[in-house]
$ cat coords-v7.cif   # mmCIF, C-alpha atoms and all ligand atoms
data_model
#
loop_
_atom_site.label_atom_id
_atom_site.label_comp_id
_atom_site.auth_asym_id
_atom_site.auth_seq_id
_atom_site.Cartn_x
_atom_site.Cartn_y
_atom_site.Cartn_z
CA MET A 15 24.15 95.03 127.47
CA LYS A 16 26.90 92.47 128.08
CA ARG A 17 27.67 91.55 131.64
CA LEU A 18 31.34 91.58 132.65
CA SER A 19 33.38 90.40 135.62
CA ILE A 20 36.98 91.50 136.10
CA LEU A 21 39.45 89.37 138.07
CA GLY A 22 42.49 91.54 138.81
CA ALA A 23 40.43 94.71 138.42
CA THR A 24 42.88 96.97 140.30
CA GLY A 25 45.92 96.19 138.16
CA SER A 26 47.28 97.59 134.93
CA ILE A 27 45.00 95.47 132.71
CA GLY A 28 42.09 96.28 135.03
CA HIS A 29 42.76 99.97 134.46
CA SER A 30 42.76 99.52 130.70
CA VAL A 31 39.40 97.72 130.97
CA ARG A 32 38.06 100.70 132.94
CA THR A 33 39.24 103.11 130.24
CA LEU A 34 37.45 101.05 127.61
CA LEU A 35 34.22 100.82 129.56
CA ALA A 36 34.27 104.62 129.83
CA ASP A 37 34.68 104.73 126.01
CA ALA A 38 31.67 102.47 125.48
CA PRO A 39 28.90 103.68 127.79
CA GLY A 40 25.77 101.54 127.82
CA LEU A 41 27.45 98.47 126.25
CA TYR A 42 28.68 96.68 129.36
CA GLU A 43 27.61 96.36 132.97
CA VAL A 44 29.93 95.03 135.66
CA GLU A 45 28.90 92.10 137.82
CA ALA A 46 31.99 91.37 139.93
CA VAL A 47 35.46 92.78 140.50
CA ALA A 48 38.32 91.03 142.30
CA GLY A 49 41.71 92.17 143.57
CA GLY A 50 44.62 90.98 145.68
CA ARG A 51 45.30 93.09 148.75
CA ASP A 52 44.60 96.77 148.14
CA VAL A 53 41.25 97.40 149.84
CA ALA A 54 41.02 101.11 148.99
CA ALA A 55 41.78 100.54 145.29
CA LEU A 56 39.30 97.66 145.02
CA ALA A 57 36.51 99.60 146.77
CA GLU A 58 37.15 102.61 144.55
CA THR A 59 37.09 100.39 141.43
CA ALA A 60 33.90 98.61 142.51
CA ARG A 61 32.14 101.94 143.13
CA ALA A 62 33.40 103.54 139.91
CA LEU A 63 32.24 100.55 137.83
CA ASN A 64 29.00 100.17 139.75
CA ALA A 65 29.78 96.48 140.33
CA ARG A 66 27.43 94.22 142.27
CA PHE A 67 30.09 92.20 144.07
CA ALA A 68 33.72 92.75 145.11
CA ALA A 69 36.16 90.04 146.21
CA ILE A 70 39.55 90.51 147.81
CA ALA A 71 42.10 87.68 147.91
CA ASP A 72 43.55 88.62 151.29
CA PRO A 73 41.37 86.70 153.79
CA ALA A 74 42.15 89.26 156.54
CA ALA A 75 40.82 92.19 154.49
CA GLY A 76 37.14 91.21 154.45
CA ARG A 77 35.95 93.57 157.16
CA ALA A 78 37.94 96.54 155.81
CA LEU A 79 36.49 95.96 152.33
CA ALA A 80 32.91 95.74 153.67
CA GLU A 81 33.48 99.00 155.57
CA ALA A 82 34.94 100.71 152.51
CA LEU A 83 31.84 99.68 150.51
CA ALA A 84 29.32 100.63 153.19
CA GLY A 85 26.32 102.45 151.76
CA SER A 86 27.16 101.52 148.15
CA GLY A 87 24.89 98.48 147.95
CA ILE A 88 27.88 96.45 146.69
CA THR A 89 28.28 93.13 148.51
CA SER A 90 31.75 91.73 149.16
CA GLY A 91 33.80 88.78 150.32
CA ALA A 92 37.40 87.84 151.12
CA GLY A 93 39.71 84.88 150.58
CA PRO A 94 39.83 82.12 147.95
CA SER A 95 36.09 81.32 148.12
CA ALA A 96 35.21 84.97 147.42
CA LEU A 97 37.49 84.94 144.35
CA ILE A 98 35.68 81.83 143.14
CA GLU A 99 32.33 83.50 143.74
CA ALA A 100 33.43 86.54 141.74
CA ALA A 101 34.47 84.20 138.92
CA GLN A 102 31.25 82.21 138.95
CA ARG A 103 28.61 84.94 139.19
CA GLU A 104 26.43 85.40 136.12
CA ALA A 105 28.45 87.12 133.37
CA ASP A 106 28.93 86.92 129.61
CA VAL A 107 32.63 87.79 129.72
CA VAL A 108 35.15 87.26 132.51
CA VAL A 109 38.40 89.22 132.20
CA SER A 110 41.19 87.11 133.70
CA ALA A 111 43.84 89.65 134.78
CA ILE A 112 45.16 88.44 138.13
CA VAL A 113 48.94 88.21 137.96
CA GLY A 114 50.64 84.83 138.32
CA VAL A 115 49.47 81.29 138.88
CA ALA A 116 47.18 82.72 141.61
CA GLY A 117 44.83 83.43 138.71
CA LEU A 118 44.55 79.78 137.63
CA ALA A 119 41.87 78.49 140.05
CA PRO A 120 39.57 81.52 139.72
CA THR A 121 39.90 81.51 135.93
CA VAL A 122 39.04 77.81 135.61
CA ALA A 123 36.18 78.37 138.08
CA ALA A 124 34.84 80.97 135.64
CA PHE A 125 34.46 78.37 132.86
CA ALA A 126 30.81 77.84 131.97
CA PRO A 127 28.94 76.94 128.78
CA GLY A 128 28.65 79.91 126.41
CA ARG A 129 30.88 82.11 128.50
CA ARG A 130 33.89 83.99 127.18
CA ILE A 131 37.17 84.39 129.05
CA ALA A 132 39.21 87.43 127.98
CA LEU A 133 42.53 85.95 129.06
CA ALA A 134 45.35 88.29 130.09
CA ASN A 135 46.81 85.92 132.70
CA LYS A 136 49.40 84.02 130.65
CA GLU A 137 50.68 82.11 133.70
CA CYS A 138 47.46 79.99 133.58
CA LEU A 139 48.51 78.63 130.21
CA VAL A 140 52.17 78.22 131.14
CA ALA A 141 51.39 76.33 134.34
CA ALA A 142 48.54 74.17 133.07
CA GLY A 143 47.99 74.92 129.38
CA ALA A 144 46.98 71.48 128.10
CA PHE A 145 44.47 70.98 130.92
CA PHE A 146 43.23 74.59 130.70
CA MET A 147 42.44 74.47 126.98
CA ALA A 148 40.90 70.98 127.14
CA GLU A 149 38.73 71.94 130.11
CA ALA A 150 37.57 75.16 128.40
CA ALA A 151 36.60 73.15 125.30
CA ARG A 152 34.86 70.51 127.43
CA GLN A 153 32.77 73.19 129.11
CA GLY A 154 32.02 75.11 125.91
CA THR A 155 33.93 78.18 127.11
CA GLU A 156 35.58 80.48 124.60
CA ILE A 157 39.13 81.67 125.35
CA LEU A 158 40.11 84.95 123.68
CA PRO A 159 43.68 86.18 124.16
CA VAL A 160 44.18 89.67 125.60
CA ASP A 161 47.97 89.41 125.44
CA SER A 162 48.77 91.75 122.55
CA GLU A 163 50.91 89.33 120.53
CA HIS A 164 48.39 86.51 120.84
CA ASN A 165 45.51 88.79 120.10
CA ALA A 166 47.25 89.93 116.91
CA ILE A 167 47.93 86.32 115.96
CA PHE A 168 44.34 85.30 116.73
CA GLN A 169 43.17 87.96 114.28
CA ALA A 170 45.86 87.15 111.67
CA LEU A 171 44.93 83.44 111.79
CA GLU A 172 41.50 84.23 110.41
CA ALA A 173 43.17 84.57 107.00
CA GLY A 174 43.54 80.81 106.44
CA PRO A 175 43.00 77.30 107.78
CA ARG A 176 45.13 76.11 110.70
CA LYS A 177 46.61 73.28 108.59
CA ALA A 178 48.07 75.89 106.21
CA VAL A 179 50.03 77.67 108.94
CA GLU A 180 53.77 77.31 108.47
CA LYS A 181 55.01 79.53 111.28
CA ILE A 182 53.78 81.91 113.96
CA THR A 183 56.03 84.78 115.02
CA LEU A 184 55.69 86.80 118.21
CA THR A 185 57.49 90.09 118.50
CA ALA A 186 59.34 91.27 121.61
CA SER A 187 60.25 94.86 122.40
CA GLY A 188 63.61 93.66 123.72
CA GLY A 189 62.93 95.42 127.02
CA PRO A 190 64.99 98.13 128.73
CA PHE A 191 68.28 96.21 128.40
CA ARG A 192 68.19 95.46 124.69
CA LEU A 193 71.28 97.59 124.03
CA ARG A 194 73.13 96.92 127.30
CA SER A 195 76.15 94.67 127.75
CA ARG A 196 75.95 91.55 129.88
CA GLU A 197 78.05 93.28 132.56
CA GLU A 198 75.69 96.25 132.69
CA ILE A 199 72.66 93.97 132.80
CA ALA A 200 74.18 91.94 135.65
CA ARG A 201 74.36 95.13 137.74
CA ALA A 202 70.82 96.29 136.93
CA VAL A 203 68.71 97.14 139.97
CA PRO A 204 64.89 96.87 139.98
CA LYS A 205 64.50 100.59 139.31
CA ASP A 206 66.32 100.14 135.95
CA ALA A 207 64.48 96.94 135.04
CA LEU A 208 61.10 98.52 135.80
CA LYS A 209 61.60 101.19 133.10
CA HIS A 210 59.91 99.55 130.12
CA PRO A 211 60.47 101.45 126.87
CA ASN A 212 56.99 100.93 125.33
CA TRP A 213 54.46 99.50 127.78
CA SER A 214 53.23 100.53 131.20
CA MET A 215 52.42 97.29 133.05
CA GLY A 216 52.45 95.58 136.45
CA ALA A 217 55.84 94.97 138.11
CA LYS A 218 56.04 91.22 137.51
CA ILE A 219 55.45 91.33 133.74
CA THR A 220 57.77 94.35 133.46
CA ILE A 221 60.64 92.37 135.02
CA ASP A 222 59.72 89.41 132.78
CA SER A 223 60.04 91.77 129.81
CA ALA A 224 63.51 92.82 130.96
CA THR A 225 64.74 89.20 131.23
CA LEU A 226 62.79 88.21 128.05
CA MET A 227 61.13 85.51 130.17
CA ASN A 228 57.92 87.23 129.15
CA LYS A 229 58.53 86.18 125.56
CA GLY A 230 59.39 82.67 126.70
CA LEU A 231 56.13 82.47 128.67
CA GLU A 232 54.33 83.85 125.62
CA LEU A 233 55.75 81.16 123.31
CA ILE A 234 54.33 78.53 125.67
CA GLU A 235 51.07 80.48 125.90
CA ALA A 236 50.85 80.58 122.09
CA MET A 237 51.53 76.85 121.72
CA HIS A 238 48.49 76.07 123.89
CA LEU A 239 46.21 78.76 122.49
CA PHE A 240 46.86 77.92 118.86
CA ALA A 241 47.44 74.15 119.18
CA LEU A 242 50.52 73.85 116.99
CA PRO A 243 53.84 72.10 117.79
CA PRO A 244 56.63 74.09 119.53
CA GLU A 245 58.84 74.34 116.44
CA ARG A 246 56.20 76.38 114.60
CA PHE A 247 56.68 79.32 117.00
CA ASP A 248 59.37 81.94 116.86
CA ALA A 249 60.20 85.25 118.53
CA VAL A 250 61.80 88.29 116.93
CA VAL A 251 62.86 91.54 118.60
CA HIS A 252 60.97 94.57 117.31
CA PRO A 253 61.75 97.60 119.48
CA GLU A 254 58.84 99.74 118.24
CA SER A 255 56.17 97.20 119.42
CA VAL A 256 53.85 98.05 116.53
CA VAL A 257 53.76 94.69 114.72
CA HIS A 258 52.64 92.36 117.51
CA GLY A 259 52.36 88.98 115.84
CA LEU A 260 52.63 87.39 112.39
CA VAL A 261 51.24 84.25 110.76
CA SER A 262 53.14 82.74 107.82
CA PHE A 263 51.12 80.43 105.57
CA VAL A 264 52.36 77.59 103.35
CA ASP A 265 51.88 79.69 100.19
CA GLY A 266 54.31 82.38 101.39
CA SER A 267 51.58 84.80 102.48
CA VAL A 268 52.10 86.50 105.82
CA THR A 269 49.34 88.20 107.80
CA ALA A 270 50.15 90.33 110.81
CA GLY A 271 48.44 92.30 113.54
CA LEU A 272 49.53 95.91 113.97
CA ALA A 273 48.48 98.54 116.48
CA MET A 274 50.08 101.10 118.73
CA PRO A 275 51.37 99.57 121.98
CA ASP A 276 48.20 100.13 124.00
CA MET A 277 46.45 97.25 125.76
CA CYS A 278 43.10 98.91 125.17
CA VAL A 279 43.27 97.65 121.57
CA PRO A 280 43.37 93.88 122.26
CA ILE A 281 41.01 94.23 125.22
CA ALA A 282 38.46 96.01 123.00
CA HIS A 283 38.74 93.17 120.48
CA CYS A 284 38.15 90.53 123.16
CA LEU A 285 35.17 92.33 124.66
CA ALA A 286 33.41 93.02 121.37
CA PHE A 287 34.35 89.95 119.27
CA PRO A 288 33.11 89.16 116.64
CA ASP A 289 31.83 92.72 116.55
CA ARG A 290 34.02 95.85 116.92
CA ILE A 291 33.55 98.83 119.22
CA VAL A 292 34.68 102.43 118.75
CA THR A 293 37.52 103.28 121.14
CA SER A 294 39.79 106.20 121.98
CA CYS A 295 42.83 103.87 121.77
CA ARG A 296 45.95 105.40 120.19
CA ARG A 297 45.89 105.23 116.37
CA LEU A 298 48.69 103.94 114.17
CA ASP A 299 50.48 106.61 112.09
CA LEU A 300 53.05 104.87 109.89
CA VAL A 301 54.57 108.06 108.50
CA ALA A 302 55.08 109.47 112.00
CA LEU A 303 56.79 106.21 112.96
CA GLY A 304 58.98 106.36 109.85
CA ARG A 305 60.50 102.90 110.16
CA LEU A 306 59.98 99.57 111.86
CA THR A 307 63.01 97.50 112.82
CA PHE A 308 63.56 93.82 113.62
CA GLU A 309 66.48 91.82 115.03
CA ALA A 310 67.21 88.36 116.43
CA PRO A 311 66.97 87.96 120.22
CA ASP A 312 70.36 87.51 121.92
CA GLU A 313 70.05 84.31 123.96
CA GLY A 314 73.50 84.88 125.46
CA ARG A 315 72.48 88.04 127.31
CA PHE A 316 68.89 86.80 127.77
CA PRO A 317 69.01 83.10 128.77
CA ALA A 318 65.30 83.02 129.72
CA LEU A 319 64.24 82.39 126.15
CA ALA A 320 66.22 79.14 125.86
CA LEU A 321 64.95 77.98 129.27
CA ALA A 322 61.37 78.53 128.18
CA ARG A 323 61.96 76.83 124.83
CA ALA A 324 63.37 73.76 126.58
CA ALA A 325 60.34 73.61 128.91
CA MET A 326 58.05 74.04 125.91
CA ALA A 327 59.68 71.13 124.07
CA ALA A 328 59.66 68.93 127.21
CA ASP A 329 55.86 68.99 127.12
CA GLY A 330 55.38 67.85 130.74
CA VAL A 331 55.46 69.58 134.10
CA ALA A 332 58.58 71.59 133.17
CA ALA A 333 56.64 74.71 132.20
CA THR A 334 54.74 74.61 135.52
CA ILE A 335 58.09 74.50 137.35
CA LEU A 336 59.62 77.20 135.17
CA ASN A 337 56.68 79.49 135.90
CA ALA A 338 56.73 78.91 139.67
CA ALA A 339 60.51 79.36 139.96
CA ASN A 340 60.28 82.52 137.88
CA GLU A 341 57.55 83.98 140.10
CA VAL A 342 59.65 83.29 143.23
CA ALA A 343 62.81 84.68 141.62
CA VAL A 344 61.16 87.85 140.27
CA ALA A 345 59.72 88.58 143.73
CA ALA A 346 63.18 88.03 145.28
CA TYR A 347 64.79 90.32 142.70
CA LEU A 348 62.23 93.06 143.36
CA GLU A 349 63.01 92.75 147.08
CA GLY A 350 66.74 93.13 146.38
CA ARG A 351 67.56 89.59 147.51
CA ILE A 352 69.16 88.42 144.23
CA GLY A 353 70.85 90.03 141.24
CA PHE A 354 69.31 90.32 137.78
CA TYR A 355 70.85 87.11 136.40
CA GLY A 356 69.86 85.46 139.70
CA ILE A 357 66.36 85.28 138.21
CA THR A 358 67.25 82.99 135.31
CA ASP A 359 69.91 81.19 137.41
CA THR A 360 67.20 80.31 139.95
CA VAL A 361 64.84 79.11 137.23
CA ALA A 362 67.56 76.97 135.62
CA ALA A 363 68.65 75.49 138.96
CA THR A 364 65.05 74.70 139.97
CA LEU A 365 64.42 72.96 136.64
CA ASP A 366 67.63 70.94 137.12
CA ARG A 367 66.52 69.93 140.60
CA ILE A 368 62.95 68.79 139.99
CA ASN A 369 62.24 68.61 136.29
CA GLY A 370 60.25 65.60 135.11
CA GLY A 371 56.76 64.23 135.25
CA PRO A 372 53.58 64.57 133.25
CA ALA A 373 51.79 67.84 132.53
CA PRO A 374 49.20 68.76 135.19
CA ALA A 375 45.78 67.21 134.56
CA SER A 376 43.87 69.46 136.98
CA VAL A 377 44.15 72.74 138.87
CA ALA A 378 45.12 70.75 141.98
CA ASP A 379 47.93 68.97 140.06
CA ALA A 380 49.25 72.27 138.77
CA MET A 381 49.13 73.92 142.21
CA GLU A 382 50.92 70.95 143.78
CA ALA A 383 53.73 71.08 141.22
CA ASP A 384 53.80 74.86 141.63
CA ALA A 385 54.17 74.58 145.42
CA GLN A 386 56.93 71.98 145.08
CA ALA A 387 58.82 74.19 142.64
CA ARG A 388 58.42 77.23 144.92
CA ARG A 389 59.91 75.30 147.84
CA ALA A 390 62.86 74.18 145.69
CA ALA A 391 63.40 77.69 144.31
CA ALA A 392 63.32 79.19 147.82
CA VAL A 393 66.08 76.79 148.90
CA LEU A 394 68.18 77.58 145.82
CA LEU A 395 67.77 81.38 145.91
CA PRO A 396 70.51 82.11 148.50
CA LYS A 397 73.10 80.73 146.04
CA PHE A 398 72.37 83.72 143.85
CA SER A 399 72.17 86.37 146.56
CA ALA A 400 74.15 89.61 146.76
CA LYS A 401 76.58 89.07 143.91
CA ALA A 402 75.03 89.60 140.50
CA SER A 403 76.39 86.61 138.58
P1 LIG A 501 49.22 94.10 137.98
O1 LIG A 501 50.26 93.69 138.98
O2 LIG A 501 49.16 95.51 137.55
O3 LIG A 501 47.77 93.69 138.50
C1 LIG A 501 47.53 92.42 139.03
C2 LIG A 501 46.11 92.30 139.56
O4 LIG A 501 46.00 91.02 140.22
C3 LIG A 501 45.76 93.36 140.62
O5 LIG A 501 44.38 93.63 140.56
C4 LIG A 501 46.06 92.63 141.94
O6 LIG A 501 45.34 93.14 143.04
C5 LIG A 501 45.62 91.22 141.60
N1 LIG A 501 46.28 90.18 142.39
C6 LIG A 501 47.59 90.06 142.69
N2 LIG A 501 47.81 88.96 143.42
C7 LIG A 501 46.60 88.35 143.57
C8 LIG A 501 46.17 87.17 144.23
N3 LIG A 501 47.02 86.38 144.88
N4 LIG A 501 44.85 86.86 144.17
C9 LIG A 501 43.97 87.65 143.52
N5 LIG A 501 44.33 88.80 142.89
C10 LIG A 501 45.63 89.13 142.92
O7 LIG A 501 49.44 93.13 136.72
P2 LIG A 501 49.04 93.41 135.19
O8 LIG A 501 50.18 94.07 134.51
O9 LIG A 501 47.70 94.00 135.10
O10 LIG A 501 49.02 91.92 134.63
C11 LIG A 501 47.97 91.02 134.92
C12 LIG A 501 48.12 89.78 134.05
O11 LIG A 501 47.97 90.16 132.69
C13 LIG A 501 49.49 89.11 134.16
O12 LIG A 501 49.35 87.73 134.05
C14 LIG A 501 50.24 89.64 132.95
O13 LIG A 501 51.22 88.75 132.47
C15 LIG A 501 49.12 89.78 131.94
N6 LIG A 501 49.37 90.79 130.91
C16 LIG A 501 49.50 92.09 131.26
C17 LIG A 501 49.76 93.06 130.29
C18 LIG A 501 49.87 94.52 130.63
O14 LIG A 501 50.00 95.34 129.73
N7 LIG A 501 49.82 94.92 131.89
C19 LIG A 501 49.90 92.66 128.95
C20 LIG A 501 49.76 91.32 128.63
C21 LIG A 501 49.49 90.38 129.61
MG MG A 502 52.48 90.28 125.46
#
$ encode --input "coords-v7.cif" --output "structure tokens"
Amino acid sequence: MKRLSILGATGSIGHSVRTLLADAPGLYEVEAVAGGRDVAALAETARALNARFAAIADPAAGRALAEALAGSGITSGAGPSALIEAAQREADVVVSAIVGVAGLAPTVAAFAPGRRIALANKECLVAAGAFFMAEAARQGTEILPVDSEHNAIFQALEAGPRKAVEKITLTASGGPFRLRSREEIARAVPKDALKHPNWSMGAKITIDSATLMNKGLELIEAMHLFALPPERFDAVVHPESVVHGLVSFVDGSVTAGLAMPDMCVPIAHCLAFPDRIVTSCRRLDLVALGRLTFEAPDEGRFPALALARAAMAADGVAATILNAANEVAVAAYLEGRIGFYGITDTVAATLDRINGGPAPASVADAMEADAQARRAAAVLLPKFSAKAS
């Protein structure tokens, strides 16, 4: 049996992991689960998975969690040190599925020789990708991408040597506003933006999918995961979300990863690699689909992509700042404090204000740059309030 810990166990990815574990009885046992603030959900998850330890990020929720777990034999803790404990307990695989840069310190704490990180948290790689990958290599920790596009690319890359890769293409669904005019998009309220056509995911990544910032973050994520220069990566809109990623080789061959849009598929790959496990994930039926379509992303209506590309090319602290400003702006949008284009306006203004400096060389460096960017973004936000620009 493989031993598993799940950071972000109560979220959307956490739920997909639970579905998979139910599909594969006897293959995995759960050591630790961690969540943000929802005591009842975390206690229910810990009991259902028969975990040994549960950690909640909210330092004030420790007693409530212990009470909710009373009689279960599951020990628990609260606050940052409990998250670190959850990450560091003995496990073969740690699923990193906390949302946002909050997942960076626990994920790096999980690094250990021979351990595998099933990485869903893309913000880790955006905020501190160079450090993150170097540190994982230094510690002999394997990083496997859960993000569907990167997982597809990881598998497609097995077809040839890295030096023969000409181009890597990530697909984007285009989000709920793919066919809307700029004026309509400017008026979009969170309820509209939260209606993703293909995927059911947490709120933050769903808004990122609506702005296309998600694809921008994913280009940066891919650059670090696959260690190729920025110009080798491209994004194409593919509304069916069936082809997730493609690798073009120097001889003209292209390999691609296809699957139905169901996160169980890449998670199963990460848990079982290099083996495969039987799952109840949705199966691909090409005839039922009939056709697959592709189009260029419209950077006029979706400025996030160009912002992310610029940060990617800058190769310093810019991506850390972009990520922090985006997290602040998405939260403000969800709270109704700014309009839809206020998100990318805030990111652009924050990058204008404090861009510059080397890429973070440690978790502390990344968190310091993140905090500075959050303060700047918070000051800039009111400029984009009320009126949707
Ligand atoms: P979610 O909002 O559904 O779940 C987030 C999880 O993180 C929850 O367990 C929550 O309790 C926990 N959390 C939140 N804040 C925390 C904090 N400060 N400290 C500790 N835990 C905290 O999000 P999700 O959709 O599951 O996404 C998780 C990560 O996976 C994100 O980085 C996202 O980009 C990535 N991802 C998700 C999907 C998907 O299909 N949902 C696909 C690809 C990548
Ligand atoms: Mg993705």
$ residues_near_ligand --input "coords-v7.cif" --ligand "ligand LIG 501 (chain A)" --cutoff "6 Å" --atoms "only C-alpha atoms and all ligand atoms" --output "MDAnalysis selection string"
chainID A and resid 22:27 49:51 71 111:114 116 134:137 161 215:217 219 277
$ residues_near_ligand --input "coords-v7.cif" --ligand "ligand MG 502 (chain A)" --cutoff "9 Å" --atoms "only C-alpha atoms and all ligand atoms" --output "list in words"
Ala134, Lys136, Val160, Asp161, Ser162, Glu163, His164, Asn165, Leu184, Thr185, Ala186, Ile219, Ser223, Asn228, Lys229, Glu232 and His258 of chain A
$ atom_distance --input "coords-v7.cif" --atom1 "atom CA of A:Ala202" --atom2 "atom CA of A:Phe308"
24.5 Å
$ closest_residue --input "coords-v7.cif" --among "A:Ile157, A:Ala62, A:Leu79, A:Ile281" --to "A:Leu239" --atoms "only C-alpha atoms"
A:Ile157
$ closest_residue --input "coords-v7.cif" --among "A:Arg201, A:Lys218, A:His252, A:Arg305" --to "A:Ile352" --atoms "all atoms listed in the file"
A:Arg201
